[in-house]
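What's in my_file.cif: mmCIF, C-alpha atoms
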data_input
loop_
_atom_site.label_atom_id
_atom_site.label_comp_id
_atom_site.auth_asym_id
_atom_site.auth_seq_id
_atom_site.Cartn_x
_atom_site.Cartn_y
_atom_site.Cartn_z
CA MET A 665 -21.26 -4.66 -12.41
CA PRO A 666 -17.83 -3.34 -13.48
CA ALA A 667 -15.71 -1.57 -10.87
CA PHE A 668 -15.61 2.21 -11.08
CA SER A 669 -12.26 3.39 -12.44
CA GLN A 670 -10.95 6.85 -11.64
CA PRO A 671 -9.81 9.20 -14.42
CA PRO A 672 -6.13 8.79 -15.34
CA PHE A 673 -5.33 12.43 -14.56
CA LEU A 674 -6.70 12.01 -11.02
CA ASN A 675 -4.55 8.94 -10.43
CA LEU A 676 -1.53 10.83 -11.79
CA PHE A 677 -2.28 13.79 -9.50
CA ARG A 678 -2.41 11.50 -6.44
CA ARG A 679 0.81 9.74 -7.38
CA ILE A 680 2.63 13.06 -7.73
CA ALA A 681 1.14 14.41 -4.48
CA ASN A 682 2.38 11.31 -2.62
CA ILE A 683 5.94 11.31 -3.95
CA GLY A 684 8.24 10.55 -1.02
CA VAL A 685 5.39 9.46 1.28
CA ARG A 686 6.39 5.95 2.33
CA PRO A 687 4.73 3.35 4.61
CA GLY A 688 5.59 3.75 8.27
CA MET A 689 6.41 7.43 7.88
CA PRO A 690 5.34 9.61 10.85
CA PHE A 691 1.89 11.07 10.28
CA ILE A 692 2.89 14.76 10.46
CA GLU A 693 6.01 14.29 8.32
CA ALA A 694 3.95 12.55 5.66
CA ARG A 695 1.48 15.43 5.57
CA ARG A 696 4.27 18.02 5.39
CA THR A 697 5.83 16.18 2.46
CA LYS A 698 2.49 16.04 0.71
CA LEU A 699 1.93 19.77 1.34
CA LEU A 700 5.21 20.66 -0.40
CA ASN A 701 4.30 18.39 -3.32
CA LEU A 702 0.93 20.09 -3.64
CA LEU A 703 2.64 23.48 -3.51
CA ALA A 704 5.20 22.60 -6.18
CA LEU A 705 2.79 20.74 -8.47
CA PRO A 706 0.74 23.67 -9.93
CA TRP A 707 3.82 25.83 -10.47
CA VAL A 708 5.31 23.41 -13.00
CA PRO A 709 2.67 23.98 -15.74
CA LEU A 710 1.86 27.55 -14.65
CA MET A 711 5.45 28.81 -14.58
CA SER A 712 6.18 26.94 -17.80
CA ILE A 713 3.42 28.94 -19.52
CA PHE A 714 4.68 32.22 -18.03
CA CYS A 715 8.23 31.31 -19.11
CA ILE A 716 7.09 30.99 -22.74
CA VAL A 717 4.82 34.08 -22.65
CA ASN A 718 7.49 36.31 -21.09
CA ALA A 719 10.07 35.11 -23.59
CA ILE A 720 7.73 35.94 -26.48
CA GLN A 721 7.00 39.39 -25.00
CA GLY A 722 10.70 40.17 -24.59
CA ARG A 723 10.99 39.85 -20.80
CA TYR A 724 13.87 37.41 -20.99
CA LEU A 725 15.11 37.77 -17.43
CA LEU A 726 11.60 37.16 -16.02
CA SER A 727 11.30 34.20 -18.39
CA CYS A 728 14.55 32.84 -16.97
CA ILE A 729 13.23 33.32 -13.42
CA ASN A 730 10.06 31.42 -14.33
CA GLY A 731 12.18 28.61 -15.76
CA LEU A 732 14.22 28.45 -12.55
CA ASN A 733 10.94 28.22 -10.61
CA VAL A 734 9.97 25.19 -12.70
CA ALA A 735 13.38 23.61 -12.08
CA GLY A 736 13.04 24.23 -8.34
CA SER A 737 9.64 22.54 -8.23
CA LEU A 738 10.96 19.50 -10.10
CA ALA A 739 13.96 19.40 -7.75
CA VAL A 740 11.56 19.17 -4.78
CA PHE A 741 9.94 16.05 -6.30
CA TRP A 742 13.36 14.53 -6.99
CA LEU A 743 14.59 15.15 -3.44
CA HIS A 744 11.39 13.70 -1.97
CA ARG A 745 11.79 10.58 -4.10
CA ARG A 746 15.34 10.25 -2.75
CA GLN A 747 13.92 10.73 0.78
CA ARG A 748 15.95 13.89 1.33
CA TYR A 749 13.09 15.78 2.95
CA LEU A 750 15.05 18.46 4.82
CA SER A 751 16.96 19.38 1.67
CA ALA A 752 13.71 19.67 -0.27
CA ARG A 753 12.22 22.04 2.30
CA MET A 754 15.30 24.22 2.53
CA LEU A 755 15.61 24.37 -1.26
CA LEU A 756 11.99 25.38 -1.75
CA ILE A 757 12.11 28.12 0.88
CA ILE A 758 15.50 29.69 0.07
CA TYR A 759 15.05 29.28 -3.69
CA SER A 760 11.59 30.88 -3.59
CA ILE A 761 12.74 33.81 -1.44
CA VAL A 762 15.52 34.63 -3.91
CA LEU A 763 13.47 34.21 -7.10
CA TYR A 764 10.32 36.00 -5.89
CA SER A 765 12.45 38.90 -4.53
CA MET A 766 14.26 39.27 -7.87
CA ALA A 767 11.03 39.21 -9.88
CA ALA A 768 9.31 41.71 -7.57
CA LEU A 769 12.24 44.15 -7.40
CA ILE A 770 12.90 44.21 -11.12
CA TYR A 771 9.41 43.87 -12.61
CA ARG A 772 7.09 45.05 -9.78
CA ASN A 773 4.74 42.19 -10.65
CA GLY A 774 3.36 41.56 -7.15
CA ALA A 775 5.54 38.51 -6.57
CA GLU A 776 6.50 39.82 -3.10
CA TYR A 777 3.11 38.63 -1.83
CA PHE A 778 4.24 35.04 -2.48
CA LEU A 779 6.81 35.65 0.25
CA LEU A 780 3.92 35.64 2.72
CA ASN A 781 3.16 32.11 1.54
CA ILE A 782 6.79 31.14 2.12
CA LEU A 783 6.45 32.52 5.65
CA ILE A 784 3.43 30.28 6.28
CA ILE A 785 5.20 27.22 4.82
CA THR A 786 8.22 27.87 7.05
CA ILE A 787 6.03 27.86 10.16
CA LEU A 788 4.16 24.70 9.06
CA VAL A 789 7.07 22.48 8.03
CA TYR A 790 9.69 23.25 10.70
CA ASP A 791 9.64 22.44 14.42
CA ASN A 792 13.02 23.97 15.20
CA ALA A 793 12.30 27.37 16.76
CA TRP A 794 15.69 28.87 15.87
CA LEU A 795 15.45 27.83 12.23
CA THR A 796 11.84 28.99 11.96
CA CYS A 797 12.64 32.42 13.42
CA SER A 798 15.70 32.89 11.19
CA LEU A 799 13.91 32.01 7.94
CA SER A 800 10.86 34.06 8.99
CA LEU A 801 13.06 37.08 9.66
CA VAL A 802 14.72 36.77 6.24
CA THR A 803 11.33 36.44 4.52
CA ILE A 804 9.79 39.42 6.32
CA SER A 805 12.87 41.54 5.62
CA ALA A 806 12.73 40.71 1.91
CA PHE A 807 9.02 41.61 1.79
CA LEU A 808 9.55 44.97 3.51
CA ILE A 809 12.52 45.86 1.31
CA ILE A 810 10.55 45.10 -1.85
CA HIS A 811 7.39 46.80 -0.68
CA PHE A 812 9.00 50.05 0.44
CA THR A 813 11.83 50.29 -2.11
CA GLY A 814 11.27 51.55 -5.61
CA ALA A 815 7.58 52.14 -5.03
CA GLU A 816 7.67 54.85 -7.71
CA GLN A 817 8.97 52.37 -10.30
CA ALA A 818 6.36 51.44 -12.90
CA ALA A 819 5.38 47.79 -13.32
CA GLN A 820 6.88 46.07 -16.35
CA VAL A 821 4.12 43.49 -16.68
CA PRO A 822 0.42 43.94 -17.57
CA VAL A 823 -1.92 44.86 -14.72
CA PRO A 824 -4.03 41.66 -15.14
CA ARG A 825 -0.86 39.65 -14.51
CA ILE A 826 -0.22 41.55 -11.28
CA VAL A 827 -3.83 41.00 -10.17
CA PHE A 828 -3.48 37.30 -10.94
CA ASN A 829 -0.26 37.02 -8.93
CA VAL A 830 -1.69 38.82 -5.92
CA ALA A 831 -4.93 36.80 -6.05
CA CYS A 832 -3.00 33.50 -6.14
CA SER A 833 -0.76 34.60 -3.28
CA LEU A 834 -3.79 35.51 -1.11
CA LEU A 835 -5.62 32.29 -2.01
CA PHE A 836 -2.77 30.04 -0.92
CA PRO A 837 -2.91 30.79 2.85
CA ILE A 838 -6.57 29.80 2.86
CA LEU A 839 -5.80 26.48 1.15
CA ALA A 840 -2.69 25.74 3.22
CA LEU A 841 -4.30 26.49 6.57
CA SER A 842 -7.45 24.55 5.63
CA TYR A 843 -5.26 21.62 4.64
CA PHE A 844 -3.40 21.59 7.94
CA LYS A 845 -6.60 22.11 9.88
CA GLN A 846 -7.87 18.91 8.28
CA VAL A 847 -4.52 17.24 9.02
CA HIS A 848 -4.87 18.20 12.68
CA ALA A 849 -8.42 16.80 12.80
CA ASP A 850 -7.27 13.53 11.17
CA TYR A 851 -4.37 13.30 13.61
CA GLN A 852 -6.68 13.76 16.58
CA GLN A 853 -9.01 11.08 15.26
CA GLU A 854 -6.09 8.70 14.77
CA LEU A 855 -4.83 9.35 18.31
CA GLU A 856 -8.31 8.78 19.72
CA ALA A 857 -8.69 5.52 17.78
CA LYS A 858 -5.30 4.32 19.06
CA ARG A 859 -6.18 5.35 22.60
CA GLN A 860 -9.42 3.38 22.49
CA ALA A 861 -7.67 0.36 20.94
CA LEU A 862 -4.96 0.49 23.62
CA ALA A 863 -7.56 0.75 26.38
CA ALA A 864 -9.45 -2.24 24.95
CA LEU A 865 -6.21 -4.22 24.66
CA ASN A 866 -5.29 -3.44 28.26
CA ARG A 867 -8.72 -4.59 29.43
CA ASP A 868 -8.35 -7.82 27.46
CA LYS A 869 -4.86 -8.39 28.90
CA GLU A 870 -6.09 -7.82 32.44
CA LYS A 871 -8.86 -10.36 31.90
CA LEU A 872 -6.43 -12.79 30.28
CA PHE A 873 -3.89 -12.61 33.09
CA SER A 874 -6.61 -12.99 35.71
CA VAL A 875 -7.69 -16.20 33.96
CA ILE A 876 -4.09 -17.41 33.73
CA ALA A 877 -3.48 -16.59 37.41
CA HIS A 878 -6.60 -18.56 38.38
CA ASP A 879 -5.57 -21.54 36.28
CA ILE A 880 -2.03 -21.55 37.65
CA ARG A 881 -3.02 -21.04 41.28
CA GLY A 882 -5.40 -24.03 41.40
CA PRO A 883 -3.09 -26.87 40.26
CA LEU A 884 -0.10 -25.45 42.14
CA ALA A 885 -2.07 -25.14 45.37
CA THR A 886 -3.32 -28.72 45.00
CA LEU A 887 0.18 -29.97 44.26
CA GLU A 888 1.60 -28.12 47.25
CA LEU A 889 -1.10 -29.53 49.54
CA LEU A 890 -0.64 -33.12 48.37
CA LEU A 891 3.15 -32.97 48.72
CA ASP A 892 2.87 -31.47 52.18
CA MET A 893 0.41 -34.17 53.30
CA PHE A 894 2.60 -36.89 51.76
CA ARG A 895 5.69 -35.42 53.46
CA LYS A 896 3.93 -35.46 56.84
CA GLY A 897 2.76 -39.03 56.35
CA GLU A 898 -0.93 -38.10 56.14
CA TYR A 899 -1.22 -39.56 52.63
CA ASN A 900 -0.10 -43.09 51.85
CA GLU A 901 1.44 -44.13 48.56
CA SER A 902 -1.71 -45.75 47.13
CA ASN A 903 -3.80 -42.63 47.78
CA MET A 904 -0.99 -40.45 46.47
CA LEU A 905 -0.85 -42.48 43.24
CA GLU A 906 -4.60 -42.10 42.75
CA ALA A 907 -4.50 -38.35 43.41
CA SER A 908 -1.48 -37.87 41.18
CA GLU A 909 -3.47 -39.10 38.18
CA GLU A 910 -5.98 -36.29 38.56
CA LEU A 911 -3.22 -33.82 39.34
CA TYR A 912 -1.37 -34.86 36.17
CA LYS A 913 -4.38 -33.94 34.04
CA LYS A 914 -4.57 -30.48 35.59
CA VAL A 915 -0.84 -29.82 35.23
CA HIS A 916 -0.93 -31.11 31.63
CA HIS A 917 -3.63 -28.61 30.66
CA LEU A 918 -1.84 -25.92 32.64
CA GLY A 919 1.34 -26.54 30.63
CA GLY A 920 -0.54 -25.99 27.37
CA SER A 921 -2.06 -22.76 28.67
CA ILE A 922 1.29 -21.43 29.84
CA ASP A 923 2.93 -22.36 26.52
CA ASN A 924 0.25 -20.44 24.61
CA MET A 925 0.58 -17.45 26.93
CA LEU A 926 4.36 -17.32 26.54
CA ARG A 927 4.18 -17.56 22.75
CA TRP A 928 1.52 -14.85 22.58
CA SER A 929 3.37 -12.50 24.95
CA MET A 930 6.65 -12.97 23.04
CA GLY A 931 4.84 -12.10 19.82
CA GLN A 932 3.38 -8.97 21.41
CA MET A 933 6.78 -7.78 22.68
CA ARG A 934 9.12 -8.67 19.80
CA GLY A 935 6.83 -9.53 16.92
CA ILE A 936 6.26 -13.04 15.65
CA ARG A 937 8.84 -14.19 13.13
CA THR A 938 7.98 -16.84 10.59
CA ALA A 939 10.59 -19.10 8.98
CA PRO A 940 8.76 -21.21 6.36
CA GLU A 941 10.25 -24.47 5.13
CA HIS A 942 9.18 -27.50 3.09
CA PHE A 943 8.33 -30.42 5.38
CA PRO A 944 5.99 -33.44 5.48
CA PRO A 945 3.19 -33.08 8.06
CA ALA A 946 2.75 -36.82 8.69
CA PRO A 947 5.60 -37.19 11.24
CA LEU A 948 4.47 -34.01 12.99
CA ALA A 949 0.91 -35.34 13.25
CA ASN A 950 2.19 -38.57 14.81
CA GLU A 951 4.24 -36.65 17.36
CA ILE A 952 1.28 -34.51 18.40
CA LEU A 953 -1.15 -37.41 18.71
CA GLN A 954 1.42 -39.31 20.77
CA MET A 955 1.74 -36.28 23.06
CA PHE A 956 -2.02 -36.31 23.75
CA GLN A 957 -2.26 -40.07 24.18
CA PRO A 958 -2.88 -39.88 27.97
CA GLY A 959 -5.79 -37.49 27.44
CA ILE A 960 -7.19 -39.63 24.64
CA GLU A 961 -7.03 -42.78 26.79
CA GLY A 962 -8.40 -40.93 29.81
CA LYS A 963 -11.64 -40.19 27.94
CA SER A 964 -11.62 -43.47 25.97
CA LEU A 965 -11.71 -41.52 22.72
CA ARG A 966 -11.46 -43.09 19.30
CA VAL A 967 -9.09 -41.16 17.03
CA THR A 968 -8.84 -41.80 13.31
CA GLN A 969 -5.96 -40.32 11.37
CA GLU A 970 -5.79 -39.81 7.61
CA VAL A 971 -2.61 -37.93 6.80
CA GLN A 972 -1.12 -38.69 3.40
CA GLU A 973 2.53 -39.64 3.64
CA ASN A 974 3.57 -38.09 0.33
CA ILE A 975 2.35 -34.51 0.91
CA PHE A 976 4.48 -31.52 1.88
CA VAL A 977 3.56 -28.17 3.34
CA TYR A 978 5.44 -24.87 3.04
CA ALA A 979 5.17 -23.12 6.40
CA ASP A 980 6.91 -22.58 9.71
CA ARG A 981 7.05 -26.08 11.22
CA GLU A 982 6.95 -24.92 14.84
CA GLN A 983 3.97 -22.65 14.19
CA VAL A 984 2.10 -25.41 12.38
CA ALA A 985 2.80 -27.63 15.40
CA VAL A 986 1.25 -24.99 17.69
CA ILE A 987 -1.82 -24.79 15.43
CA LEU A 988 -2.37 -28.55 15.34
CA ARG A 989 -1.65 -29.00 19.06
CA ASN A 990 -4.28 -26.43 20.00
CA LEU A 991 -6.91 -27.78 17.61
CA ILE A 992 -6.41 -31.39 18.73
CA SER A 993 -6.29 -30.30 22.39
CA ASN A 994 -9.63 -28.51 21.96
CA ALA A 995 -11.12 -31.55 20.22
CA ILE A 996 -10.09 -33.74 23.17
CA LYS A 997 -11.20 -31.18 25.74
CA PHE A 998 -14.72 -30.77 24.37
CA SER A 999 -15.35 -34.39 23.34
CA HIS A 1000 -17.61 -36.61 25.41
CA PRO A 1001 -16.05 -39.77 26.89
CA GLY A 1002 -16.08 -42.52 24.29
CA GLY A 1003 -16.42 -39.99 21.46
CA HIS A 1004 -14.72 -39.87 18.09
CA ILE A 1005 -12.08 -37.45 16.75
CA HIS A 1006 -11.06 -37.40 13.09
CA PHE A 1007 -7.77 -35.81 12.00
CA ALA A 1008 -6.91 -35.58 8.30
CA ALA A 1009 -4.49 -33.83 5.97
CA SER A 1010 -4.68 -33.81 2.17
CA GLN A 1011 -3.13 -31.89 -0.71
CA GLU A 1012 -5.01 -30.38 -3.65
CA ASN A 1013 -4.52 -27.44 -6.05
CA GLY A 1014 -1.31 -26.22 -4.46
CA THR A 1015 -2.61 -26.23 -0.89
CA VAL A 1016 -2.59 -28.62 2.06
CA THR A 1017 -5.80 -28.87 4.08
CA PHE A 1018 -5.77 -29.97 7.72
CA ALA A 1019 -9.11 -30.96 9.23
CA VAL A 1020 -9.82 -31.68 12.90
CA ARG A 1021 -13.38 -32.88 13.60
CA ASP A 1022 -14.91 -33.86 16.92
CA GLU A 1023 -18.38 -34.96 18.02
CA GLY A 1024 -18.38 -32.95 21.23
CA ILE A 1025 -20.44 -30.17 22.72
CA GLY A 1026 -19.94 -27.73 19.83
CA ILE A 1027 -19.74 -23.93 19.93
CA PRO A 1028 -22.79 -21.72 20.62
CA PRO A 1029 -23.56 -19.24 17.80
CA GLU A 1030 -23.14 -16.25 20.13
CA LYS A 1031 -19.50 -17.22 20.75
CA MET A 1032 -18.51 -17.70 17.11
CA GLY A 1033 -17.90 -13.97 16.51
CA GLU A 1034 -15.40 -13.69 19.39
CA LEU A 1035 -13.74 -17.06 18.92
CA PHE A 1036 -10.41 -15.67 17.64
CA SER A 1037 -10.01 -12.76 20.05
CA LEU A 1038 -9.17 -12.02 23.67
CA LYS A 1039 -12.83 -11.18 24.25
CA THR A 1040 -13.86 -14.82 24.33
CA ILE A 1041 -14.58 -16.29 27.75
CA PRO A 1042 -12.66 -19.55 28.36
CA SER A 1043 -14.99 -22.56 28.47
CA TYR A 1044 -14.75 -25.72 30.52
CA GLY A 1045 -14.29 -29.04 28.76
CA THR A 1046 -16.37 -32.14 29.36
CA GLY A 1047 -13.85 -33.27 31.99
CA GLY A 1048 -13.61 -29.92 33.76
CA GLU A 1049 -10.61 -28.80 31.68
CA ARG A 1050 -10.18 -25.08 31.26
CA GLY A 1051 -7.98 -23.10 28.92
CA SER A 1052 -6.82 -19.49 28.75
CA GLY A 1053 -8.63 -18.60 25.52
CA LEU A 1054 -5.32 -17.90 23.76
CA GLY A 1055 -5.10 -21.14 21.79
CA LEU A 1056 -7.44 -20.24 18.95
CA LEU A 1057 -6.07 -16.68 18.81
CA LEU A 1058 -2.59 -18.12 18.24
CA CYS A 1059 -3.98 -20.51 15.63
CA GLN A 1060 -5.49 -17.61 13.71
CA GLU A 1061 -2.34 -15.47 13.91
CA PHE A 1062 0.02 -18.29 12.91
CA THR A 1063 -2.24 -19.36 10.05
CA GLN A 1064 -2.31 -15.83 8.62
CA LEU A 1065 1.47 -15.43 9.04
CA ASN A 1066 1.93 -18.56 6.93
CA ASN A 1067 -0.40 -17.26 4.17
CA GLY A 1068 -3.13 -19.69 5.16
CA LYS A 1069 -6.78 -19.68 6.12
CA LEU A 1070 -8.58 -21.01 9.21
CA VAL A 1071 -12.26 -21.88 9.03
CA VAL A 1072 -14.54 -23.21 11.75
CA ASN A 1073 -17.94 -24.89 11.42
CA SER A 1074 -19.84 -25.98 14.51
CA SER A 1075 -23.24 -27.15 15.64
CA PRO A 1076 -24.05 -27.09 19.37
CA GLY A 1077 -24.40 -30.64 20.64
CA LYS A 1078 -23.08 -32.18 17.40
CA GLY A 1079 -19.41 -31.19 17.33
CA THR A 1080 -16.96 -28.86 15.61
CA LEU A 1081 -14.82 -28.94 12.47
CA PHE A 1082 -11.68 -26.80 12.20
CA THR A 1083 -10.11 -26.53 8.74
CA VAL A 1084 -6.65 -25.05 8.16
CA VAL A 1085 -5.48 -24.41 4.59
CA LEU A 1086 -1.75 -23.77 4.06
CA PRO A 1087 0.47 -23.51 0.97
CA ALA A 1088 1.72 -26.84 -0.34
CA GLY A 1089 5.42 -27.55 -0.27
CA THR A 1090 7.76 -29.61 -2.41
CA LEU A 1091 10.15 -32.46 -1.75
CA SER A 1092 13.60 -31.09 -0.90
CA ARG A 1093 16.63 -32.12 -2.95
CA GLU A 1094 18.17 -34.02 -0.01
CA GLU A 1095 14.98 -36.02 0.54
CA GLU A 1096 14.77 -36.80 -3.19
CA ASP A 1097 18.33 -38.15 -3.07
CA ASP A 1098 17.49 -40.24 0.00
CA GLU A 1099 14.46 -41.75 -1.78
CA ASP A 1100 16.57 -42.52 -4.85
CA ASP A 1101 19.20 -44.24 -2.69
CA PHE A 1102 16.52 -46.28 -1.02
#

Represent the structure contained in this file as structure tokens.
Amino acid sequence: MPAFSQPPFLNLFRRIANIGVRPGMPFIEARRTKLLNLLALPWVPLMSIFCIVNAIQGRYLLSCINGLNVAGSLAVFWLHRRQRYLSARMLLIIYSIVLYSMAALIYRNGAEYFLLNILIITILVYDNAWLTCSLSLVTISAFLIIHFTGAEQAAQVPVPRIVFNVACSLLFPILALSYFKQVHADYQQELEAKRQALAALNRDKEKLFSVIAHDIRGPLATLELLLDMFRKGEYNESNMLEASEELYKKVHHLGGSIDNMLRWSMGQMRGIRTAPEHFPPAPLANEILQMFQPGIEGKSLRVTQEVQENIFVYADREQVAVILRNLISNAIKFSHPGGHIHFAASQENGTVTFAVRDEGIGIPPEKMGELFSLKTIPSYGTGGERGSGLGLLLCQEFTQLNNGKLVVNSSPGKGTLFTVVLPAGTLSREEEDDEDDF
């Protein structure tokens, strides 16, 4: 079924209404800018028509005033596009006060009622009390002077034109106030959504740090106890060597958890920065597998590796290392002793696919939805290993930052397959020269 396309005039209207509204702009400032655009937009065609009609009917000065109104509206769009928002507001207000006062004094066409609209705009778009009071005083003074001066002077425009002007001026406050009432409601909804998101994030952080504190306290307390007993001579060297093996496993898993926590917290405070480069993943894969060799031997796991030597990936090397370390660590953690882990990397259609498969305990279906969030409850591995729950969250974030995709397939009791797809890289010029020399 073809997608519904909006009428061209509606798209044009929205583009004009959003002139000067840029991403990251404060909510209220964006709405004020849009309000001025919406105010200036209808006057361009309307005043252009009045400019022509008044010129034909011999009211040349009024025609000139209408033309200046059109120029003022266009100037507001131009200033907004140049991001000169304060100048646009001041121009619209001062310019309108002068032009509407001239038209009302000379032609008695009801234009003084538009000054009431300028008064409302002044209150809506300015936060400075002194500036708001000054402009409001000028506007009110102009209205009173026009309204009570020259009242006996006959109007120089047709009565229907006066009725039209007054009707438009009285309609505008309804539209402007309704618009800002909706803005206020949207702002309150946005604040409430942010408040709820912040409260949820704080709850998740509290849970996370309680898990981290538990994981840190256990190995450190054991280490402190063993060293104290060894120092006092209550533990001989042979017993200490046996206990140190188990302690090493706990500290090793603790190091991975702390590394993930530090990377995640740094990203939360300063933002994660990605520096992609072209590099071959084969040496990186060898380094990571070598790092986990004690854990692999401890569970008597069989690891097969199929990483093509001639492929390159375009991503942040350190972030890819974090992704692969966490996926392989999880595969080891949740594999049964004597199990099999398969690690592969291949290139096809401009992408590099990393696959880490284990034959371990798998992931229950009820946990799949919260796998890449702080809501997940850390699980224990087959050897009693426990993580912080941050590893997969980092994998997801780093994969997305490198324009990739992370997919997980799992069957409880049969194992899990993690697939990471990243952009393919190319052989650098220096490496090409090295291969030619060889």

### Message
Assuming the chain letters and numbering stay as they are in my file, what does the PyMOL selection byres ((chain A and resi 701) around 9) actually select? List them as JSON, numbers by chain.
### Response
{"A": [680, 681, 682, 683, 696, 697, 698, 699, 700, 702, 703, 704, 705, 737, 740, 741, 744]}

### Task
Quote the spacing between atom CA of Ala857 of chain A and atom CA of Glu693 of chain A in Å to one decimal place.
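It comes out at 19.6 Å.
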
### Query
So what does the PyMOL selection byres ((chain A and resi 716) around 12) actually pick up in this one, as a list in words?
Pro709, Leu710, Met711, Ser712, Ile713, Phe714, Cys715, Val717, Asn718, Ala719, Ile720, Gln721, Gly722, Arg723, Tyr724, Leu725, Leu726, Ser727, Cys728, Ile729, Asn730, Gly731 and Val734 of chain A

How about saving the chosen residues, C-alpha atoms kept, as a PDB file, keeping the file's coordinate frame?
ATOM      1  CA  PRO A 709       2.670  23.980 -15.740  1.00  0.00           C
ATOM      2  CA  LEU A 710       1.860  27.550 -14.650  1.00  0.00           C
ATOM      3  CA  MET A 711       5.450  28.810 -14.580  1.00  0.00           C
ATOM      4  CA  SER A 712       6.180  26.940 -17.800  1.00  0.00           C
ATOM      5  CA  ILE A 713       3.420  28.940 -19.520  1.00  0.00           C
ATOM      6  CA  PHE A 714       4.680  32.220 -18.030  1.00  0.00           C
ATOM      7  CA  CYS A 715       8.230  31.310 -19.110  1.00  0.00           C
ATOM      8  CA  VAL A 717       4.820  34.080 -22.650  1.00  0.00           C
ATOM      9  CA  ASN A 718       7.490  36.310 -21.090  1.00  0.00           C
ATOM     10  CA  ALA A 719      10.070  35.110 -23.590  1.00  0.00           C
ATOM     11  CA  ILE A 720       7.730  35.940 -26.480  1.00  0.00           C
ATOM     12  CA  GLN A 721       7.000  39.390 -25.000  1.00  0.00           C
ATOM     13  CA  GLY A 722      10.700  40.170 -24.590  1.00  0.00           C
ATOM     14  CA  ARG A 723      10.990  39.850 -20.800  1.00  0.00           C
ATOM     15  CA  TYR A 724      13.870  37.410 -20.990  1.00  0.00           C
ATOM     16  CA  LEU A 725      15.110  37.770 -17.430  1.00  0.00           C
ATOM     17  CA  LEU A 726      11.600  37.160 -16.020  1.00  0.00           C
ATOM     18  CA  SER A 727      11.300  34.200 -18.390  1.00  0.00           C
ATOM     19  CA  CYS A 728      14.550  32.840 -16.970  1.00  0.00           C
ATOM     20  CA  ILE A 729      13.230  33.320 -13.420  1.00  0.00           C
ATOM     21  CA  ASN A 730      10.060  31.420 -14.330  1.00  0.00           C
ATOM     22  CA  GLY A 731      12.180  28.610 -15.760  1.00  0.00           C
ATOM     23  CA  VAL A 734       9.970  25.190 -12.700  1.00  0.00           C
TER      24      VAL A 734
END

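Considering all atoms listed in the file, the residue among A:Ala793, A:Leu808, A:Leu769, A:Ile996 positioned nearest to Ser964 of chain A is A:Ile996.
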
### Query
Between A:Gln954, A:Thr796, A:Thr786, A:Gln1060, which has the minimum distance to Ser993 of chain A (counting all atoms listed in the file)?
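Between A:Gln954, A:Thr796, A:Thr786, A:Gln1060, the residue approaching Ser993 of chain A most closely is A:Gln954.
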
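When only C-alpha atoms are used to measure the gap to Gly1024 of chain A, the shortest distance among A:Ser805, A:Thr1046, A:Ser999, A:Ser765 belongs to A:Ser999.
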
#### Entry: From A:Ser798, A:Thr1080, A:Gln983, A:Gln820, residue lying nearest Phe1062 of chain A [only C-alpha atoms]
A:Gln983

Contact residues around Val1084 of chain A with all atoms listed in the file at 7 Å, ignoring same-chain residues under 5 positions, as a PDB file with C-alpha atoms, in the coordinates of the input:
ATOM      1  CA  THR A1017      -5.800 -28.870   4.080  1.00  0.00           C
ATOM      2  CA  PHE A1018      -5.770 -29.970   7.720  1.00  0.00           C
ATOM      3  CA  ALA A1019      -9.110 -30.960   9.230  1.00  0.00           C
ATOM      4  CA  LYS A1069      -6.780 -19.680   6.120  1.00  0.00           C
ATOM      5  CA  LEU A1070      -8.580 -21.010   9.210  1.00  0.00           C
ATOM      6  CA  VAL A1071     -12.260 -21.880   9.030  1.00  0.00           C
TER       7      VAL A1071
END

When the PyMOL selection byres ((chain A and resi 975) around 9) is applied to the structure above, which residues does it catch, written out as an mmCIF file with C-alpha atoms, keeping the file's coordinate frame?
data_model
loop_
_atom_site.group_PDB
_atom_site.id
_atom_site.type_symbol
_atom_site.label_atom_id
_atom_site.label_comp_id
_atom_site.auth_asym_id
_atom_site.auth_seq_id
_atom_site.Cartn_x
_atom_site.Cartn_y
_atom_site.Cartn_z
ATOM 1 C CA PHE A 943 8.330 -30.420 5.380
ATOM 2 C CA PRO A 944 5.990 -33.440 5.480
ATOM 3 C CA PRO A 945 3.190 -33.080 8.060
ATOM 4 C CA ALA A 946 2.750 -36.820 8.690
ATOM 5 C CA VAL A 971 -2.610 -37.930 6.800
ATOM 6 C CA GLN A 972 -1.120 -38.690 3.400
ATOM 7 C CA GLU A 973 2.530 -39.640 3.640
ATOM 8 C CA ASN A 974 3.570 -38.090 0.330
ATOM 9 C CA PHE A 976 4.480 -31.520 1.880
ATOM 10 C CA VAL A 977 3.560 -28.170 3.340
ATOM 11 C CA ALA A 1009 -4.490 -33.830 5.970
ATOM 12 C CA SER A 1010 -4.680 -33.810 2.170
ATOM 13 C CA GLN A 1011 -3.130 -31.890 -0.710
ATOM 14 C CA VAL A 1016 -2.590 -28.620 2.060
ATOM 15 C CA ALA A 1088 1.720 -26.840 -0.340
ATOM 16 C CA GLY A 1089 5.420 -27.550 -0.270
ATOM 17 C CA THR A 1090 7.760 -29.610 -2.410
ATOM 18 C CA LEU A 1091 10.150 -32.460 -1.750
#

### Task
Please indicate the distance in Å from atom CA of Tyr771 of chain A to atom CA of Leu755 of chain A, rounded to one decimal place.
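Going from atom CA of Tyr771 of chain A over to atom CA of Leu755 of chain A covers 23.4 Å.
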
### Query
Given the choices A:Leu1058, A:Leu783, A:Val685, A:Leu788, which gets closest to Leu743 of chain A if the distance is worked out from all atoms listed in the file?
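Closest to Leu743 of chain A of all the choices is A:Val685.
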